[in-house]
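Peer 1: What follows is run22.cif, made up of mmCIF, C-alpha atoms and all ligand atoms:
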```
data_protein
#
loop_
_atom_site.group_PDB
_atom_site.id
_atom_site.type_symbol
_atom_site.label_atom_id
_atom_site.label_comp_id
_atom_site.auth_asym_id
_atom_site.auth_seq_id
_atom_site.Cartn_x
_atom_site.Cartn_y
_atom_site.Cartn_z
ATOM 1 C CA MET A 1 -18.102 8.504 -95.974
ATOM 2 C CA PHE A 2 -19.606 9.563 -99.234
ATOM 3 C CA PRO A 3 -17.865 9.714 -102.599
ATOM 4 C CA SER A 4 -17.210 12.940 -104.452
ATOM 5 C CA ARG A 5 -18.931 13.638 -107.733
ATOM 6 C CA ASP A 6 -15.598 13.013 -109.477
ATOM 7 C CA GLN A 7 -15.250 9.565 -107.917
ATOM 8 C CA ILE A 8 -18.744 8.579 -109.008
ATOM 9 C CA GLU A 9 -18.173 9.958 -112.485
ATOM 10 C CA ARG A 10 -14.962 7.971 -112.879
ATOM 11 C CA ALA A 11 -16.610 4.779 -111.617
ATOM 12 C CA ALA A 12 -19.611 5.286 -113.907
ATOM 13 C CA TYR A 13 -17.247 5.770 -116.856
ATOM 14 C CA ASP A 14 -15.314 2.589 -115.930
ATOM 15 C CA ARG A 15 -18.550 0.719 -115.712
ATOM 16 C CA TRP A 16 -19.620 1.959 -119.132
ATOM 17 C CA GLU A 17 -16.276 0.749 -120.531
ATOM 18 C CA ARG A 18 -16.676 -2.648 -118.884
ATOM 19 C CA ARG A 19 -20.068 -2.977 -120.522
ATOM 20 C CA GLY A 20 -18.369 -2.618 -123.903
ATOM 21 C CA ARG A 21 -19.242 1.082 -124.234
ATOM 22 C CA CYS A 22 -22.872 0.321 -124.967
ATOM 23 C CA HIS A 23 -25.044 3.401 -124.737
ATOM 24 C CA GLY A 24 -28.474 3.761 -123.270
ATOM 25 C CA ALA A 25 -27.837 2.920 -119.630
ATOM 26 C CA ASP A 26 -26.183 6.134 -118.425
ATOM 27 C CA ARG A 27 -28.511 6.565 -115.504
ATOM 28 C CA GLU A 28 -28.137 2.952 -114.361
ATOM 29 C CA ASP A 29 -24.347 3.240 -114.658
ATOM 30 C CA TRP A 30 -24.408 6.341 -112.492
ATOM 31 C CA VAL A 31 -26.706 4.880 -109.818
ATOM 32 C CA ALA A 32 -24.780 1.587 -109.670
ATOM 33 C CA ALA A 33 -21.428 3.400 -109.552
ATOM 34 C CA GLU A 34 -22.623 5.597 -106.701
ATOM 35 C CA LEU A 35 -23.819 2.561 -104.696
ATOM 36 C CA ASP A 36 -20.663 0.524 -105.273
ATOM 37 C CA VAL A 37 -18.203 3.375 -104.681
ATOM 38 C CA THR A 38 -20.010 4.357 -101.485
ATOM 39 C CA PHE A 39 -19.951 0.753 -100.321
ATOM 40 C CA ALA A 40 -16.259 0.305 -101.153
ATOM 41 C CA LEU A 41 -15.360 3.492 -99.248
ATOM 42 C CA ASN A 42 -17.149 2.265 -96.137
ATOM 43 C CA TYR A 43 -16.632 -1.494 -96.060
ATOM 44 C CA ARG A 44 -13.870 -4.016 -96.587
ATOM 45 C CA PRO A 45 -14.342 -7.758 -97.094
ATOM 46 C CA LEU A 46 -13.745 -9.855 -93.974
ATOM 47 C CA VAL A 47 -14.501 -13.408 -95.149
ATOM 48 C CA GLU A 48 -16.075 -14.885 -98.227
ATOM 49 C CA TYR A 49 -17.076 -18.532 -98.612
ATOM 50 C CA SER A 50 -18.310 -20.479 -101.609
ATOM 51 C CA PRO A 51 -18.056 -24.194 -102.483
ATOM 52 C CA ASP A 52 -14.650 -24.907 -103.956
ATOM 53 C CA GLY A 53 -13.989 -28.365 -105.393
ATOM 54 C CA ASP A 54 -15.102 -31.628 -103.777
ATOM 55 C CA GLU A 55 -13.608 -31.070 -100.325
ATOM 56 C CA PRO A 56 -15.737 -28.968 -97.973
ATOM 57 C CA GLY A 57 -14.094 -25.952 -96.336
ATOM 58 C CA ARG A 58 -13.582 -25.865 -92.593
ATOM 59 C CA ILE A 59 -13.934 -23.223 -89.918
ATOM 60 C CA GLY A 60 -11.660 -23.532 -86.878
ATOM 61 C CA SER A 61 -8.997 -26.135 -86.197
ATOM 62 C CA GLY A 62 -11.360 -28.538 -84.441
ATOM 63 C CA ARG A 63 -8.614 -29.961 -82.258
ATOM 64 C CA LYS A 64 -10.068 -28.532 -79.090
ATOM 65 C CA PRO A 65 -13.608 -27.573 -79.991
ATOM 66 C CA ARG A 66 -15.334 -24.745 -78.170
ATOM 67 C CA CYS A 67 -18.909 -23.780 -78.939
ATOM 68 C CA ARG A 68 -19.284 -20.214 -80.161
ATOM 69 C CA PHE A 69 -22.792 -19.969 -78.806
ATOM 70 C CA CYS A 70 -22.688 -21.443 -75.293
ATOM 71 C CA GLU A 71 -18.885 -21.079 -74.927
ATOM 72 C CA GLN A 72 -18.597 -24.639 -73.594
ATOM 73 C CA SER A 73 -15.892 -27.181 -74.412
ATOM 74 C CA PRO A 74 -15.800 -30.944 -73.842
ATOM 75 C CA PRO A 75 -16.636 -32.589 -71.522
ATOM 76 C CA ARG A 76 -19.303 -30.018 -70.571
ATOM 77 C CA ALA A 77 -20.573 -29.884 -74.140
ATOM 78 C CA ARG A 78 -20.757 -32.685 -76.675
ATOM 79 C CA PHE A 79 -19.323 -32.356 -80.160
ATOM 80 C CA SER A 80 -20.342 -35.656 -81.710
ATOM 81 C CA LYS A 81 -19.536 -34.619 -85.273
ATOM 82 C CA THR A 82 -18.443 -31.861 -87.576
ATOM 83 C CA ARG A 83 -21.439 -29.783 -88.591
ATOM 84 C CA SER A 84 -22.423 -27.927 -91.693
ATOM 85 C CA ALA A 85 -21.836 -24.231 -91.003
ATOM 86 C CA LEU A 86 -24.836 -23.301 -93.138
ATOM 87 C CA PRO A 87 -28.435 -24.509 -93.076
ATOM 88 C CA GLU A 88 -29.387 -27.338 -95.446
ATOM 89 C CA PHE A 89 -31.186 -25.104 -97.906
ATOM 90 C CA MET A 90 -27.801 -23.633 -98.869
ATOM 91 C CA GLY A 91 -26.970 -26.939 -100.590
ATOM 92 C CA ASN A 92 -25.039 -30.020 -99.506
ATOM 93 C CA PRO A 93 -22.599 -29.314 -96.696
ATOM 94 C CA TRP A 94 -19.713 -27.434 -98.328
ATOM 95 C CA LEU A 95 -18.516 -25.564 -95.272
ATOM 96 C CA LEU A 96 -18.000 -27.363 -91.971
ATOM 97 C CA THR A 97 -17.446 -26.233 -88.414
ATOM 98 C CA ARG A 98 -16.598 -27.908 -85.113
ATOM 99 C CA GLU A 99 -17.346 -24.729 -83.184
ATOM 100 C CA ILE A 100 -20.957 -25.489 -82.388
ATOM 101 C CA CYS A 101 -21.983 -28.109 -79.830
ATOM 102 C CA ASP A 102 -24.707 -30.748 -80.194
ATOM 103 C CA GLU A 103 -27.063 -28.939 -77.850
ATOM 104 C CA CYS A 104 -26.848 -25.601 -79.670
ATOM 105 C CA VAL A 105 -27.273 -27.372 -83.024
ATOM 106 C CA ALA A 106 -30.408 -29.067 -81.686
ATOM 107 C CA GLN A 107 -31.792 -25.794 -80.357
ATOM 108 C CA PHE A 108 -31.203 -23.935 -83.644
ATOM 109 C CA SER A 109 -32.466 -26.782 -85.844
ATOM 110 C CA ALA A 110 -35.739 -26.918 -83.948
ATOM 111 C CA GLY A 111 -36.099 -23.133 -83.838
ATOM 112 C CA ILE A 112 -34.562 -20.252 -85.767
ATOM 113 C CA ASP A 113 -33.117 -22.393 -88.584
ATOM 114 C CA GLN A 114 -36.655 -23.494 -89.395
ATOM 115 C CA ASP A 115 -37.914 -19.921 -89.346
ATOM 116 C CA LEU A 116 -35.154 -18.921 -91.732
ATOM 117 C CA ARG A 117 -35.992 -21.919 -93.899
ATOM 118 C CA ARG A 118 -39.638 -20.812 -94.134
ATOM 119 C CA PHE A 119 -38.526 -17.298 -95.032
ATOM 120 C CA TRP A 120 -36.151 -18.693 -97.652
ATOM 121 C CA ASP A 121 -38.814 -20.988 -99.103
ATOM 122 C CA ALA A 122 -41.196 -18.064 -99.363
ATOM 123 C CA LEU A 123 -38.646 -16.390 -101.639
ATOM 124 C CA ASP A 124 -38.844 -19.344 -103.977
ATOM 125 C CA GLY A 125 -41.043 -17.615 -106.511
ATOM 126 C CA LEU A 126 -38.435 -14.929 -106.912
ATOM 127 C CA ARG A 127 -35.585 -17.420 -107.103
ATOM 128 C CA ARG A 128 -37.108 -19.383 -109.944
ATOM 129 C CA GLY A 129 -38.547 -16.732 -112.227
ATOM 130 C CA ARG A 130 -36.510 -13.646 -112.887
ATOM 131 C CA SER A 131 -38.454 -10.382 -112.758
ATOM 132 C CA SER A 132 -41.457 -12.008 -114.388
ATOM 133 C CA ASP A 133 -43.903 -10.262 -112.136
ATOM 134 C CA ARG A 134 -44.128 -8.477 -108.836
ATOM 135 C CA GLU A 135 -47.224 -10.278 -107.625
ATOM 136 C CA MET A 136 -45.400 -13.413 -106.599
ATOM 137 C CA ARG A 137 -45.888 -14.960 -103.233
ATOM 138 C CA ALA A 138 -42.913 -13.509 -101.503
ATOM 139 C CA PRO A 139 -42.459 -12.051 -98.036
ATOM 140 C CA SER A 140 -42.670 -8.316 -97.528
ATOM 141 C CA SER A 141 -40.935 -8.493 -94.146
ATOM 142 C CA ILE A 142 -38.664 -10.765 -92.154
ATOM 143 C CA SER A 143 -39.673 -12.225 -88.784
ATOM 144 C CA ILE A 144 -37.339 -11.821 -85.821
ATOM 145 C CA PRO A 145 -36.630 -15.586 -85.553
ATOM 146 C CA ALA A 146 -35.779 -15.767 -89.278
ATOM 147 C CA TYR A 147 -33.520 -12.726 -88.816
ATOM 148 C CA LYS A 148 -31.857 -14.535 -85.904
ATOM 149 C CA GLY A 149 -31.337 -17.493 -88.247
ATOM 150 C CA LEU A 150 -29.462 -15.201 -90.645
ATOM 151 C CA ILE A 151 -27.372 -13.748 -87.853
ATOM 152 C CA ARG A 152 -26.508 -17.133 -86.360
ATOM 153 C CA ILE A 153 -24.938 -17.930 -89.764
ATOM 154 C CA ALA A 154 -22.892 -14.714 -89.574
ATOM 155 C CA LEU A 155 -21.725 -15.689 -86.064
ATOM 156 C CA THR A 156 -20.783 -19.147 -87.325
ATOM 157 C CA LEU A 157 -18.707 -17.699 -90.170
ATOM 158 C CA MET A 158 -16.897 -14.811 -88.530
ATOM 159 C CA PRO A 159 -13.223 -15.129 -87.554
ATOM 160 C CA GLU A 160 -12.753 -15.914 -83.872
ATOM 161 C CA ALA A 161 -11.085 -12.565 -83.187
ATOM 162 C CA GLU A 162 -14.322 -10.747 -84.056
ATOM 163 C CA LEU A 163 -16.525 -12.677 -81.632
ATOM 164 C CA SER A 164 -15.628 -10.583 -78.566
ATOM 165 C CA ALA A 165 -17.538 -7.619 -80.049
ATOM 166 C CA PHE A 166 -20.646 -9.750 -80.459
ATOM 167 C CA THR A 167 -21.312 -11.226 -77.014
ATOM 168 C CA ASP A 168 -24.742 -9.499 -76.834
ATOM 169 C CA THR A 169 -25.552 -10.764 -80.324
ATOM 170 C CA ILE A 170 -24.719 -14.344 -79.317
ATOM 171 C CA GLU A 171 -26.939 -14.059 -76.267
ATOM 172 C CA TRP A 172 -29.790 -12.572 -78.309
ATOM 173 C CA VAL A 173 -29.598 -15.295 -80.978
ATOM 174 C CA GLY A 174 -29.782 -17.997 -78.297
ATOM 175 C CA ASN A 175 -32.718 -16.372 -76.488
ATOM 176 C CA PRO A 176 -36.001 -18.045 -77.437
ATOM 177 C CA ASP A 177 -37.937 -14.917 -76.386
ATOM 178 C CA HIS A 178 -38.039 -13.255 -79.792
ATOM 179 C CA ASP A 179 -39.600 -9.999 -78.662
ATOM 180 C CA PHE A 180 -36.819 -9.393 -76.177
ATOM 181 C CA ASP A 181 -34.800 -6.263 -77.025
ATOM 182 C CA ARG A 182 -36.834 -5.823 -80.153
ATOM 183 C CA SER A 183 -36.959 -2.053 -79.601
ATOM 184 C CA LEU A 184 -33.203 -1.881 -80.131
ATOM 185 C CA PHE A 185 -33.513 -2.545 -83.826
ATOM 186 C CA GLY A 186 -36.247 -0.158 -84.849
ATOM 187 C CA GLY A 187 -37.733 -1.416 -88.076
ATOM 188 C CA VAL A 188 -34.455 -2.407 -89.685
ATOM 189 C CA GLY A 189 -34.588 -5.886 -91.173
ATOM 190 C CA CYS A 190 -32.714 -6.934 -94.271
ATOM 191 C CA LEU A 191 -32.214 -6.019 -97.889
ATOM 192 C CA LEU A 192 -33.233 -8.535 -100.494
ATOM 193 C CA TYR A 193 -31.653 -8.428 -103.940
ATOM 194 C CA GLU A 194 -32.914 -10.129 -107.030
ATOM 195 C CA VAL A 195 -29.836 -10.346 -109.239
ATOM 196 C CA TYR A 196 -30.033 -10.238 -113.015
ATOM 197 C CA GLU A 197 -27.984 -13.374 -113.661
ATOM 198 C CA PRO A 198 -28.316 -16.090 -110.989
ATOM 199 C CA SER A 199 -25.161 -17.422 -109.424
ATOM 200 C CA THR A 200 -24.463 -21.116 -109.973
ATOM 201 C CA ARG A 201 -23.005 -21.579 -106.501
ATOM 202 C CA PRO A 202 -24.262 -20.460 -103.104
ATOM 203 C CA TRP A 203 -22.011 -18.080 -101.215
ATOM 204 C CA ALA A 204 -21.780 -16.241 -97.903
ATOM 205 C CA SER A 205 -19.664 -13.277 -96.897
ATOM 206 C CA LEU A 206 -19.074 -10.731 -94.145
ATOM 207 C CA THR A 207 -17.811 -7.183 -94.515
ATOM 208 C CA THR A 208 -16.641 -4.744 -91.844
ATOM 209 C CA ARG A 209 -16.656 -0.961 -91.551
ATOM 210 C CA VAL A 210 -13.490 0.816 -92.668
ATOM 211 C CA ASP A 211 -13.837 3.870 -90.429
ATOM 212 C CA ASP A 212 -15.296 3.629 -86.906
ATOM 213 C CA GLU A 213 -16.464 7.259 -87.151
ATOM 214 C CA ALA A 214 -18.795 6.488 -90.061
ATOM 215 C CA GLN A 215 -22.500 6.266 -89.236
ATOM 216 C CA VAL A 216 -22.888 2.766 -90.621
ATOM 217 C CA PRO A 217 -23.062 -0.603 -88.823
ATOM 218 C CA TYR A 218 -19.752 -2.345 -88.108
ATOM 219 C CA MET A 219 -20.572 -5.633 -89.774
ATOM 220 C CA LEU A 220 -22.832 -6.670 -92.646
ATOM 221 C CA SER A 221 -23.593 -10.222 -93.677
ATOM 222 C CA PHE A 222 -24.480 -11.437 -97.175
ATOM 223 C CA LEU A 223 -26.007 -14.728 -98.182
ATOM 224 C CA GLY A 224 -26.402 -15.560 -101.872
ATOM 225 C CA SER A 225 -28.139 -18.470 -103.550
ATOM 226 C CA GLY A 226 -29.397 -18.671 -107.122
ATOM 227 C CA GLY A 227 -30.808 -15.307 -108.119
ATOM 228 C CA LEU A 228 -31.128 -13.951 -104.603
ATOM 229 C CA VAL A 229 -28.891 -12.191 -102.126
ATOM 230 C CA VAL A 230 -29.910 -11.255 -98.584
ATOM 231 C CA GLU A 231 -27.966 -8.519 -96.784
ATOM 232 C CA ALA A 232 -28.329 -7.862 -93.050
ATOM 233 C CA GLN A 233 -26.625 -5.854 -90.348
ATOM 234 C CA VAL A 234 -25.136 -8.042 -87.595
ATOM 235 C CA PRO A 235 -26.872 -6.282 -84.683
ATOM 236 C CA LEU A 236 -25.936 -5.585 -81.030
ATOM 237 C CA CYS A 237 -22.236 -5.193 -81.804
ATOM 238 C CA SER A 238 -20.297 -3.431 -79.052
ATOM 239 C CA ARG A 239 -18.510 -1.397 -81.734
ATOM 240 C CA ASP A 240 -21.856 0.098 -82.799
ATOM 241 C CA GLU A 241 -22.697 1.746 -79.484
ATOM 242 C CA ASP A 242 -22.086 5.210 -80.932
ATOM 243 C CA LEU A 243 -24.828 4.584 -83.460
ATOM 244 C CA ASP A 244 -27.531 4.136 -80.807
ATOM 245 C CA GLY A 245 -30.360 6.562 -81.305
ATOM 246 C CA ASN A 246 -29.130 7.646 -84.729
ATOM 247 C CA ASP A 247 -30.622 6.895 -88.078
ATOM 248 C CA VAL A 248 -28.490 3.985 -89.254
ATOM 249 C CA ARG A 249 -28.188 3.284 -92.938
ATOM 250 C CA ILE A 250 -27.563 -0.157 -94.339
ATOM 251 C CA LEU A 251 -25.581 0.571 -97.475
ATOM 252 C CA GLN A 252 -26.833 -1.049 -100.632
ATOM 253 C CA ARG A 253 -24.728 -2.555 -103.426
ATOM 254 C CA SER A 254 -25.519 -2.783 -107.131
ATOM 255 C CA PHE A 255 -24.768 -6.530 -107.523
ATOM 256 C CA THR A 256 -24.315 -6.075 -111.235
ATOM 257 C CA THR A 257 -24.330 -9.356 -113.173
ATOM 258 C CA GLY A 258 -24.443 -10.407 -116.811
ATOM 259 C CA SER A 259 -21.845 -9.783 -119.470
ATOM 260 C CA GLY A 260 -21.039 -7.225 -122.128
ATOM 261 C CA CYS A 261 -23.910 -4.887 -122.915
ATOM 262 C CA ASP A 262 -26.254 -7.272 -121.159
ATOM 263 C CA GLN A 263 -25.353 -6.274 -117.606
ATOM 264 C CA ARG A 264 -27.859 -5.124 -115.054
ATOM 265 C CA SER A 265 -27.945 -4.082 -111.431
ATOM 266 C CA ALA A 266 -29.999 -6.176 -109.040
ATOM 267 C CA ASP A 267 -33.464 -5.093 -107.949
ATOM 268 C CA CYS A 268 -33.313 -4.340 -104.249
ATOM 269 C CA PHE A 269 -36.136 -4.506 -101.706
ATOM 270 C CA ALA A 270 -36.106 -3.508 -98.058
ATOM 271 C CA LEU A 271 -37.798 -6.067 -95.818
ATOM 272 C CA PRO A 272 -38.574 -4.569 -92.404
ATOM 273 C CA LEU A 273 -38.599 -6.632 -89.230
ATOM 274 C CA ASN A 274 -41.926 -8.149 -88.389
ATOM 275 C CA ALA A 275 -42.441 -9.064 -84.747
ATOM 276 C CA THR A 276 -45.067 -11.756 -84.829
ATOM 277 C CA GLU A 277 -46.746 -12.216 -88.179
ATOM 278 C CA PRO A 278 -45.396 -14.900 -90.497
ATOM 279 C CA PRO A 279 -44.422 -13.906 -94.051
ATOM 280 C CA ARG A 280 -47.488 -13.644 -96.253
ATOM 281 C CA PRO A 281 -48.073 -12.901 -99.905
ATOM 282 C CA ARG A 282 -48.025 -9.234 -100.696
ATOM 283 C CA ARG A 283 -46.970 -7.006 -103.500
ATOM 284 C CA PHE A 284 -43.345 -5.896 -103.329
ATOM 285 C CA ARG A 285 -42.430 -2.296 -102.922
ATOM 286 C CA MET A 286 -39.325 -1.033 -104.599
ATOM 287 C CA PHE A 287 -36.619 0.076 -102.214
ATOM 288 C CA LYS A 288 -35.514 3.645 -102.866
HETATM 289 ZN ZN ZN B 301 -23.151 -24.746 -77.595
#
```
What is this file in structure tokens?
Peer 2:
Amino acid sequence: MFPSRDQIERAAYDRWERRGRCHGADREDWVAAELDVTFALNYRPLVEYSPDGDEPGRIGSGRKPRCRFCEQSPPRARFSKTRSALPEFMGNPWLLTREICDECVAQFSAGIDQDLRRFWDALDGLRRGRSSDREMRAPSSISIPAYKGLIRIALTLMPEAELSAFTDTIEWVGNPDHDFDRSLFGGVGCLLYEVYEPSTRPWASLTTRVDDEAQVPYMLSFLGSGGLVVEAQVPLCSRDEDLDGNDVRILQRSFTTGSGCDQRSADCFALPLNATEPPRPRRFRMFK
């Protein structure tokens, strides 16, 4: 679903008003309005999490735990404690879950969580210095295990009712053979945003497609920390079967931050999937 010219024009005008009617950014207003209106027509928020006060949030009731990844319950699986739903690099545990067993935690911690951690650490240059240069040591692609690390977070966060559409995804995330089914994804990896004004709190969210006829993936996941946001399609969803073989677009957002006249859209980069090579320093290419 794409917006009409009128819809974009209205949104661009609203944006100009929100910026205090400052002139000189007409083109940016238009581009950002087009991205955000297109996104809003195609996706609705499903869940959004961010630290809130001193008490960590919780996923699931925890009374009768069942692991989302191996589908086991006690006594077949051990749940020795409540776990952080997000990897450590997202800050102190502020979101907890009982829906992952000890064995799956151990498998992820020794595997894909570490790959995601390395990917995240490689973005450090970007996180600390805003737009200072484009020569920073930052990855130009995302490895399959790091991508699995992102998706395992999405699976941890999604409401239970959604899980039935992601049984293949769960199996794929748990499979240590990272080249398995690689051909299904083409080169699609993730979008990386460098936002203008860093967020003071980490956050994670999921959005779902409004219209099943639209040629866009059913679910997108977002992970934000400091000045960075990573957006990825949650792959292998049974609701995306109609998209197979088609050119699938991952819709971009403007992630406008700042206040008054001093508001800017985020810079956005497409990081393709990389099968075997680890992230290495390379010049960024702008995503268009
Ligand atoms: Zn498990």
Peer 1: I'd like to know which of A:Leu95, A:Leu116, A:Ala122, A:Ile170 is closest to ligand ZN 301 (chain B), using all atoms listed in the file.
Peer 2: A:Ile170
Peer 1: For the PyMOL selection byres (((chain A and resi 248-264) around 9) and not hetatm), applied here, can you spell out every residue it catches as number ranges by chain?
Peer 2: A: 16, 18-23, 28, 31-39, 42, 188, 190-191, 193-199, 215-217, 220, 229, 231-233, 243-247, 265-268
Peer 1: In terms of the shortest atom-to-atom distance over all atoms listed in the file, which of A:Pro65, A:Gly224, A:Gly189, A:Pro75 is closest to Ser50 of chain A?
Peer 2: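 Selected residue with least distance to Ser50 of chain A: A:Gly224.
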Peer 1: Kindly work out which residues sit at most 8 Å from ligand ZN 301 (chain B), using all atoms listed in the file, and give the list as a count of residues only.
Peer 2: 14
Peer 1: Just the residues within 10 Å of Pro235 of chain A, please, counting all atoms listed in the file, with nothing from its chain fewer than 4 positions along; format it as a PDB file with C-alpha atoms, in the coordinates of the input.
Peer 2:
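Final file, result_22.pdb:
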```
ATOM      1  CA  LYS A 148     -31.857 -14.535 -85.904  1.00  0.00           C
ATOM      2  CA  ILE A 151     -27.372 -13.748 -87.853  1.00  0.00           C
ATOM      3  CA  PHE A 166     -20.646  -9.750 -80.459  1.00  0.00           C
ATOM      4  CA  ASP A 168     -24.742  -9.499 -76.834  1.00  0.00           C
ATOM      5  CA  THR A 169     -25.552 -10.764 -80.324  1.00  0.00           C
ATOM      6  CA  ILE A 170     -24.719 -14.344 -79.317  1.00  0.00           C
ATOM      7  CA  TRP A 172     -29.790 -12.572 -78.309  1.00  0.00           C
ATOM      8  CA  LEU A 184     -33.203  -1.881 -80.131  1.00  0.00           C
ATOM      9  CA  PHE A 185     -33.513  -2.545 -83.826  1.00  0.00           C
ATOM     10  CA  VAL A 188     -34.455  -2.407 -89.685  1.00  0.00           C
ATOM     11  CA  PRO A 217     -23.062  -0.603 -88.823  1.00  0.00           C
ATOM     12  CA  TYR A 218     -19.752  -2.345 -88.108  1.00  0.00           C
ATOM     13  CA  MET A 219     -20.572  -5.633 -89.774  1.00  0.00           C
ATOM     14  CA  LEU A 220     -22.832  -6.670 -92.646  1.00  0.00           C
ATOM     15  CA  ASP A 240     -21.856   0.098 -82.799  1.00  0.00           C
TER      16      ASP A 240
END
```
Peer 1: Please report the interatomic distance between atom CA of Asn175 of chain A and atom CA of Thr82 of chain A in Å with one decimal.
Peer 2: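 A separation of 23.8 Å between them.
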Peer 1: If I take atom CA of Pro145 of chain A and atom CA of Asp115 of chain A, how far is one from the other in Å, to one decimal?
Peer 2: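 Taking atom CA of Pro145 of chain A as the start and atom CA of Asp115 of chain A as the end point, the length is 5.9 Å.
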Peer 1: Name the residues that the PyMOL selection byres (((chain A and resi 97) around 12) and not hetatm) pulls out of this structure, and write them as a PDB file with C-alpha atoms, in the frame of the given file.
Peer 2:
```pdb
ATOM      1  CA  PRO A  56     -15.737 -28.968 -97.973  1.00  0.00           C
ATOM      2  CA  GLY A  57     -14.094 -25.952 -96.336  1.00  0.00           C
ATOM      3  CA  ARG A  58     -13.582 -25.865 -92.593  1.00  0.00           C
ATOM      4  CA  ILE A  59     -13.934 -23.223 -89.918  1.00  0.00           C
ATOM      5  CA  GLY A  60     -11.660 -23.532 -86.878  1.00  0.00           C
ATOM      6  CA  SER A  61      -8.997 -26.135 -86.197  1.00  0.00           C
ATOM      7  CA  GLY A  62     -11.360 -28.538 -84.441  1.00  0.00           C
ATOM      8  CA  ARG A  63      -8.614 -29.961 -82.258  1.00  0.00           C
ATOM      9  CA  PRO A  65     -13.608 -27.573 -79.991  1.00  0.00           C
ATOM     10  CA  ARG A  66     -15.334 -24.745 -78.170  1.00  0.00           C
ATOM     11  CA  CYS A  67     -18.909 -23.780 -78.939  1.00  0.00           C
ATOM     12  CA  ARG A  68     -19.284 -20.214 -80.161  1.00  0.00           C
ATOM     13  CA  PHE A  79     -19.323 -32.356 -80.160  1.00  0.00           C
ATOM     14  CA  SER A  80     -20.342 -35.656 -81.710  1.00  0.00           C
ATOM     15  CA  LYS A  81     -19.536 -34.619 -85.273  1.00  0.00           C
ATOM     16  CA  THR A  82     -18.443 -31.861 -87.576  1.00  0.00           C
ATOM     17  CA  ARG A  83     -21.439 -29.783 -88.591  1.00  0.00           C
ATOM     18  CA  SER A  84     -22.423 -27.927 -91.693  1.00  0.00           C
ATOM     19  CA  ALA A  85     -21.836 -24.231 -91.003  1.00  0.00           C
ATOM     20  CA  LEU A  86     -24.836 -23.301 -93.138  1.00  0.00           C
ATOM     21  CA  PRO A  93     -22.599 -29.314 -96.696  1.00  0.00           C
ATOM     22  CA  TRP A  94     -19.713 -27.434 -98.328  1.00  0.00           C
ATOM     23  CA  LEU A  95     -18.516 -25.564 -95.272  1.00  0.00           C
ATOM     24  CA  LEU A  96     -18.000 -27.363 -91.971  1.00  0.00           C
ATOM     25  CA  ARG A  98     -16.598 -27.908 -85.113  1.00  0.00           C
ATOM     26  CA  GLU A  99     -17.346 -24.729 -83.184  1.00  0.00           C
ATOM     27  CA  ILE A 100     -20.957 -25.489 -82.388  1.00  0.00           C
ATOM     28  CA  CYS A 101     -21.983 -28.109 -79.830  1.00  0.00           C
ATOM     29  CA  ASP A 102     -24.707 -30.748 -80.194  1.00  0.00           C
ATOM     30  CA  VAL A 105     -27.273 -27.372 -83.024  1.00  0.00           C
ATOM     31  CA  ILE A 153     -24.938 -17.930 -89.764  1.00  0.00           C
ATOM     32  CA  LEU A 155     -21.725 -15.689 -86.064  1.00  0.00           C
ATOM     33  CA  THR A 156     -20.783 -19.147 -87.325  1.00  0.00           C
ATOM     34  CA  LEU A 157     -18.707 -17.699 -90.170  1.00  0.00           C
ATOM     35  CA  MET A 158     -16.897 -14.811 -88.530  1.00  0.00           C
ATOM     36  CA  PRO A 159     -13.223 -15.129 -87.554  1.00  0.00           C
TER      37      PRO A 159
END
```
Peer 1: Under the PyMOL selection byres (((chain A and resi 200) around 9) and not hetatm), which residues of this model are included? Write them out as a list in words.
Peer 2: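 Applying the PyMOL selection byres (((chain A and resi 200) around 9) and not hetatm) to the structure shown produces Pro198, Ser199, Arg201, Pro202, Ser225, Gly226 and Gly227 of chain A.
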Peer 1: Provide the atom CA of Leu206 of chain A to atom CA of Phe108 of chain A distance in Å, to one decimal place.
Peer 2: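 Pair atom CA of Leu206 of chain A / atom CA of Phe108 of chain A returns 20.8 Å.
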Peer 1: Which of these residues is nearest to Leu228 of chain A, using all atoms listed in the file: A:Met90, A:Leu46, A:Ala25, A:Leu163?
Peer 2: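 Looking at the shortest contact to Leu228 of chain A, the residue is A:Met90.
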Peer 1: Under the rule that all atoms listed in the file are counted, which of A:Asp26, A:Phe89, A:Glu55, A:Leu41 is the nearest residue to Phe2 of chain A?
Peer 2: A:Leu41
